[in-house]
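Q: This structure is in structure tokens; I'll ask about it shortly.
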Amino acid sequence: MSVLVRRAVAEFAGTAFLVMAVVGSGVMASRLSPNDVGLQLLQNSAATGAALVALILALQPVSASFNPVVTLVERALGILDTPTALALVAAQFAGGLAGTVLANLMFGLDAVTLSTHERAGGGLWLGEVIATAGLLLVIFGTIRSGRPDRVAFAVGGYITAAYWFTSSTSFANPAVTVARMITDTFAGIAPSSAPAFILAQLVGGAVGLFLVRALYPSVASLPLLAPVPTPASAPASASDRKVLS
């Protein structure tokens, strides 16, 4: 299996499990705490943050962005080439949709049901800009300051917190946003609300890219690289190196 295929599979699987955590914990929370929305959000955010830590730790040596905005910023920084970025983004969207279908089925729901949960308004869109910009700053700030081994904990902690301090509950991910359109549950978002959320996330991505370049102007992309594990007798080649994100 080629390096690109392995990375695409990792992005597909990681995004699928991330969305299963978001949607599945939302369903479980609404069933266990049907009369307490605050407790539902606490349960949903804790499960999502914990899943992110585990998934990034497991898949980071191969590919662990799980987010088209992160991948696009990697392309803008010259860390990825265009064909690789496009393949990873496609895998992320496909994985997200698969994750929602599996979560729905796990809880005895229809595989696909369009959400009726409207999420619209200037405050929510601003929340998505802030959530996405902050996520990028946390990811690339942690890695570019020479601490790639801590990025999983930084991202998991940030997303858990951003569920609470942003008005939008921090989707911060176009693939996850599209995936959440096809579940009419606690985590869902109506298809009519999704385009504005995705646009806000792209704006947040541009703000995050600006902050990363402004705060780390002299940091090259090399610290973002780590070798894919290989047998001890065979040194890793340049093609077997993976961008950590």
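The way I read the labels, and the way they are meant: chains A, B, ... in the order of the structure tokens, residue 1 as the first residue of every chain, and ligand 1 as the first ligand shown, with later ones counted on from there.
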Please provide as a list in words all residues within 6 Å of A:Gly96, with the sequence filter that same-chain residues fewer than 6 positions apart are discarded (counting only C-alpha atoms).
A: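 So, after excluding close chain neighbours, the residues are Thr15, Ala16, Val19, Ala175, Val176 and Ala179 of chain A.
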Q: Name the residues in contact with stretch 3-9 of chain A at a cut-off of 7 Å, using only C-alpha atoms, excluding same-chain residues fewer than 3 positions from it; report them as a list in words.
A: Phe12, Ala13, Val62, Ser63, Thr84, Ala87, Leu88, Ala91 and Asp240 of chain A
Q: Report the closest atom pair, with its distance in Å rounded to one decimal, for each residue of stretch 153-229 of chain A that has an atom no farther than 9 Å from stretch 125-130 of chain A; count only C-alpha atoms, sort by chain and then rising residue number, and write it as CSV.
A:
residue,atom,partner,partner_atom,distance
A:Phe165,CA,A:Gly127,CA,8.7
A:Thr166,CA,A:Gly127,CA,5.0
A:Ser167,CA,A:Gly127,CA,5.3
A:Ser168,CA,A:Gly127,CA,5.3
A:Thr169,CA,A:Gly127,CA,7.8
A:Ser170,CA,A:Glu128,CA,6.0
A:Phe171,CA,A:Glu128,CA,6.8
A:Ala172,CA,A:Glu128,CA,5.9
A:Ala196,CA,A:Trp125,CA,7.0
A:Phe197,CA,A:Trp125,CA,6.1
A:Ile198,CA,A:Glu128,CA,8.4
A:Leu199,CA,A:Trp125,CA,8.6
A:Ala200,CA,A:Val129,CA,5.1
A:Gln201,CA,A:Val129,CA,5.4
A:Leu202,CA,A:Val129,CA,7.7
A:Val203,CA,A:Val129,CA,6.1
A:Gly204,CA,A:Val129,CA,4.0
A:Gly205,CA,A:Val129,CA,7.7
A:Val207,CA,A:Val129,CA,8.1
A:Gly208,CA,A:Ile130,CA,8.9
Q: Can you spit out the residues from that selection as a CSV table (one decimal), in the first residue's frame, using all heavy atoms?
A:
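Below is the file result28.csv, written as the result:
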chain,number,residue,atom,x,y,z
A,165,PHE,N,-17.2,27.6,25.1
A,165,PHE,CA,-17.0,29.1,25.0
A,165,PHE,C,-17.4,29.7,23.7
A,165,PHE,O,-17.3,30.9,23.5
A,165,PHE,CB,-15.6,29.4,25.5
A,165,PHE,CG,-14.5,29.2,24.4
A,165,PHE,CD1,-14.3,30.0,23.3
A,165,PHE,CD2,-13.6,28.2,24.6
A,165,PHE,CE1,-13.3,29.8,22.4
A,165,PHE,CE2,-12.6,27.9,23.7
A,165,PHE,CZ,-12.4,28.8,22.6
A,166,THR,N,-17.7,28.8,22.7
A,166,THR,CA,-18.2,29.4,21.4
A,166,THR,C,-19.7,29.2,21.3
A,166,THR,O,-20.3,28.2,21.7
A,166,THR,CB,-17.5,28.7,20.2
A,166,THR,OG1,-17.9,27.4,20.2
A,166,THR,CG2,-16.0,28.9,20.3
A,167,SER,N,-20.4,30.2,20.7
A,167,SER,CA,-21.8,30.1,20.6
A,167,SER,C,-22.3,29.0,19.7
A,167,SER,O,-23.4,28.5,19.8
A,167,SER,CB,-22.3,31.5,20.0
A,167,SER,OG,-21.7,31.8,18.8
A,168,SER,N,-21.4,28.6,18.8
A,168,SER,CA,-21.8,27.5,17.8
A,168,SER,C,-21.5,26.1,18.3
A,168,SER,O,-21.8,25.2,17.6
A,168,SER,CB,-21.0,27.8,16.5
A,168,SER,OG,-19.6,27.6,16.7
A,169,THR,N,-20.9,26.0,19.4
A,169,THR,CA,-20.4,24.7,20.0
A,169,THR,C,-19.3,24.1,19.2
A,169,THR,O,-19.1,22.9,19.2
A,169,THR,CB,-21.5,23.7,20.2
A,169,THR,OG1,-22.1,23.2,19.0
A,169,THR,CG2,-22.6,24.2,21.1
A,170,SER,N,-18.6,25.0,18.4
A,170,SER,CA,-17.4,24.6,17.8
A,170,SER,C,-17.4,23.4,16.9
A,170,SER,O,-16.8,22.3,17.1
A,170,SER,CB,-16.3,24.4,18.8
A,170,SER,OG,-15.0,24.1,18.3
A,171,PHE,N,-18.1,23.5,15.7
A,171,PHE,CA,-18.0,22.5,14.7
A,171,PHE,C,-16.6,22.5,14.1
A,171,PHE,O,-15.9,21.5,14.1
A,171,PHE,CB,-19.0,22.8,13.6
A,171,PHE,CG,-20.4,22.4,13.9
A,171,PHE,CD1,-21.0,22.8,15.0
A,171,PHE,CD2,-21.2,21.7,13.0
A,171,PHE,CE1,-22.4,22.5,15.3
A,171,PHE,CE2,-22.5,21.4,13.2
A,171,PHE,CZ,-23.1,21.8,14.4
A,172,ALA,N,-16.1,23.7,13.6
A,172,ALA,CA,-14.7,24.0,13.2
A,172,ALA,C,-14.2,23.0,12.2
A,172,ALA,O,-13.0,22.8,12.2
A,172,ALA,CB,-13.8,24.0,14.5
A,196,ALA,N,-23.4,28.3,5.5
A,196,ALA,CA,-22.8,29.5,6.2
A,196,ALA,C,-21.8,29.0,7.3
A,196,ALA,O,-20.8,29.7,7.5
A,196,ALA,CB,-24.0,30.2,6.9
A,197,PHE,N,-22.0,27.9,7.9
A,197,PHE,CA,-21.1,27.4,8.9
A,197,PHE,C,-19.7,27.1,8.2
A,197,PHE,O,-18.7,27.4,8.7
A,197,PHE,CB,-21.6,26.1,9.5
A,197,PHE,CG,-22.2,26.4,10.9
A,197,PHE,CD1,-23.3,27.3,11.0
A,197,PHE,CD2,-21.8,25.7,12.0
A,197,PHE,CE1,-23.9,27.5,12.3
A,197,PHE,CE2,-22.4,25.9,13.2
A,197,PHE,CZ,-23.4,26.8,13.4
A,198,ILE,N,-19.8,26.4,7.0
A,198,ILE,CA,-18.6,26.1,6.3
A,198,ILE,C,-17.9,27.3,5.8
A,198,ILE,O,-16.6,27.4,5.9
A,198,ILE,CB,-18.9,25.1,5.1
A,198,ILE,CG1,-19.4,23.8,5.6
A,198,ILE,CG2,-17.7,24.9,4.2
A,198,ILE,CD1,-20.0,22.9,4.6
A,199,LEU,N,-18.6,28.3,5.3
A,199,LEU,CA,-18.0,29.6,4.9
A,199,LEU,C,-17.3,30.2,6.1
A,199,LEU,O,-16.1,30.7,6.0
A,199,LEU,CB,-19.0,30.5,4.3
A,199,LEU,CG,-18.5,31.9,3.9
A,199,LEU,CD1,-17.4,31.8,2.9
A,199,LEU,CD2,-19.7,32.8,3.4
A,200,ALA,N,-17.9,30.2,7.3
A,200,ALA,CA,-17.3,30.8,8.5
A,200,ALA,C,-16.0,30.0,8.9
A,200,ALA,O,-15.0,30.6,9.3
A,200,ALA,CB,-18.3,30.8,9.6
A,201,GLN,N,-16.1,28.7,8.7
A,201,GLN,CA,-14.9,27.9,9.0
A,201,GLN,C,-13.7,28.2,8.1
A,201,GLN,O,-12.6,28.3,8.5
A,201,GLN,CB,-15.2,26.4,8.9
A,201,GLN,CG,-16.2,26.0,10.0
A,201,GLN,CD,-17.0,24.7,9.6
A,201,GLN,OE1,-16.8,24.1,8.6
A,201,GLN,NE2,-17.9,24.4,10.5
A,202,LEU,N,-14.0,28.5,6.8
A,202,LEU,CA,-13.0,28.8,5.8
A,202,LEU,C,-12.4,30.2,6.2
A,202,LEU,O,-11.2,30.4,6.1
A,202,LEU,CB,-13.5,28.8,4.4
A,202,LEU,CG,-13.9,27.4,3.9
A,202,LEU,CD1,-14.6,27.6,2.5
A,202,LEU,CD2,-12.7,26.5,3.8
A,203,VAL,N,-13.3,31.1,6.6
A,203,VAL,CA,-12.8,32.4,7.0
A,203,VAL,C,-11.9,32.2,8.3
A,203,VAL,O,-10.8,32.8,8.4
A,203,VAL,CB,-13.9,33.4,7.4
A,203,VAL,CG1,-13.4,34.7,8.0
A,203,VAL,CG2,-14.7,33.7,6.1
A,204,GLY,N,-12.3,31.4,9.2
A,204,GLY,CA,-11.5,31.1,10.4
A,204,GLY,C,-10.2,30.5,10.0
A,204,GLY,O,-9.1,30.7,10.6
A,205,GLY,N,-10.2,29.6,9.0
A,205,GLY,CA,-9.0,29.0,8.5
A,205,GLY,C,-8.0,30.1,8.0
A,205,GLY,O,-6.8,30.0,8.3
A,207,VAL,N,-7.9,33.2,8.9
A,207,VAL,CA,-7.4,34.0,10.1
A,207,VAL,C,-6.4,33.1,10.9
A,207,VAL,O,-5.3,33.7,11.3
A,207,VAL,CB,-8.6,34.3,11.1
A,207,VAL,CG1,-8.1,34.9,12.4
A,207,VAL,CG2,-9.6,35.2,10.4
A,208,GLY,N,-6.6,31.9,11.0
A,208,GLY,CA,-5.6,31.0,11.7
A,208,GLY,C,-4.3,30.9,10.9
A,208,GLY,O,-3.2,31.0,11.5
Q: Output as a list in words all residues of stretch 7-245 of chain A that backbone DSSP marks as strand (DSSP E).
A: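 These are the residues in question: Leu225, Ala226, Pro227, Arg241, Lys242 and Val243 of chain A.
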Q: Kindly save the residues from that selection, with N, CA, C and O atoms included, as a PDB file, in the first residue's frame.
A:
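That gives us part38.pdb:
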ATOM      1  N   LEU A 225       7.526  17.178  10.351  1.00  0.00           N
ATOM      2  CA  LEU A 225       7.711  15.867   9.769  1.00  0.00           C
ATOM      3  C   LEU A 225       8.121  14.846  10.795  1.00  0.00           C
ATOM      4  O   LEU A 225       8.895  15.135  11.703  1.00  0.00           O
ATOM      5  N   ALA A 226       7.619  13.639  10.627  1.00  0.00           N
ATOM      6  CA  ALA A 226       8.030  12.539  11.488  1.00  0.00           C
ATOM      7  C   ALA A 226       8.009  11.269  10.664  1.00  0.00           C
ATOM      8  O   ALA A 226       7.147  11.096   9.799  1.00  0.00           O
ATOM      9  N   PRO A 227       8.950  10.364  10.873  1.00  0.00           N
ATOM     10  CA  PRO A 227       9.007   9.162  10.055  1.00  0.00           C
ATOM     11  C   PRO A 227       7.884   8.191  10.381  1.00  0.00           C
ATOM     12  O   PRO A 227       7.502   8.027  11.528  1.00  0.00           O
ATOM     13  N   ARG A 241       7.778   9.729   4.919  1.00  0.00           N
ATOM     14  CA  ARG A 241       7.678  10.685   5.995  1.00  0.00           C
ATOM     15  C   ARG A 241       6.324  11.356   5.927  1.00  0.00           C
ATOM     16  O   ARG A 241       5.793  11.615   4.862  1.00  0.00           O
ATOM     17  N   LYS A 242       5.753  11.627   7.090  1.00  0.00           N
ATOM     18  CA  LYS A 242       4.374  12.108   7.178  1.00  0.00           C
ATOM     19  C   LYS A 242       4.280  13.430   7.921  1.00  0.00           C
ATOM     20  O   LYS A 242       4.923  13.625   8.931  1.00  0.00           O
ATOM     21  N   VAL A 243       3.465  14.305   7.386  1.00  0.00           N
ATOM     22  CA  VAL A 243       3.208  15.567   8.058  1.00  0.00           C
ATOM     23  C   VAL A 243       2.308  15.318   9.256  1.00  0.00           C
ATOM     24  O   VAL A 243       1.236  14.765   9.123  1.00  0.00           O
TER      25      VAL A 243
END
Q: Skip A:Gly26 itself and residues of its chain fewer than 2 positions away, then list as a list of chain:residue names all residues within 9 Å of it, counting only C-alpha atoms.
A: A:Ala21, A:Val22, A:Val23, A:Gly24, A:Met28, A:Ala29, A:Ser30, A:Arg31, A:Gln40, A:Leu41, A:Gln43, A:Asn44, A:Ser45, A:Thr185, A:Phe186, A:Ala187
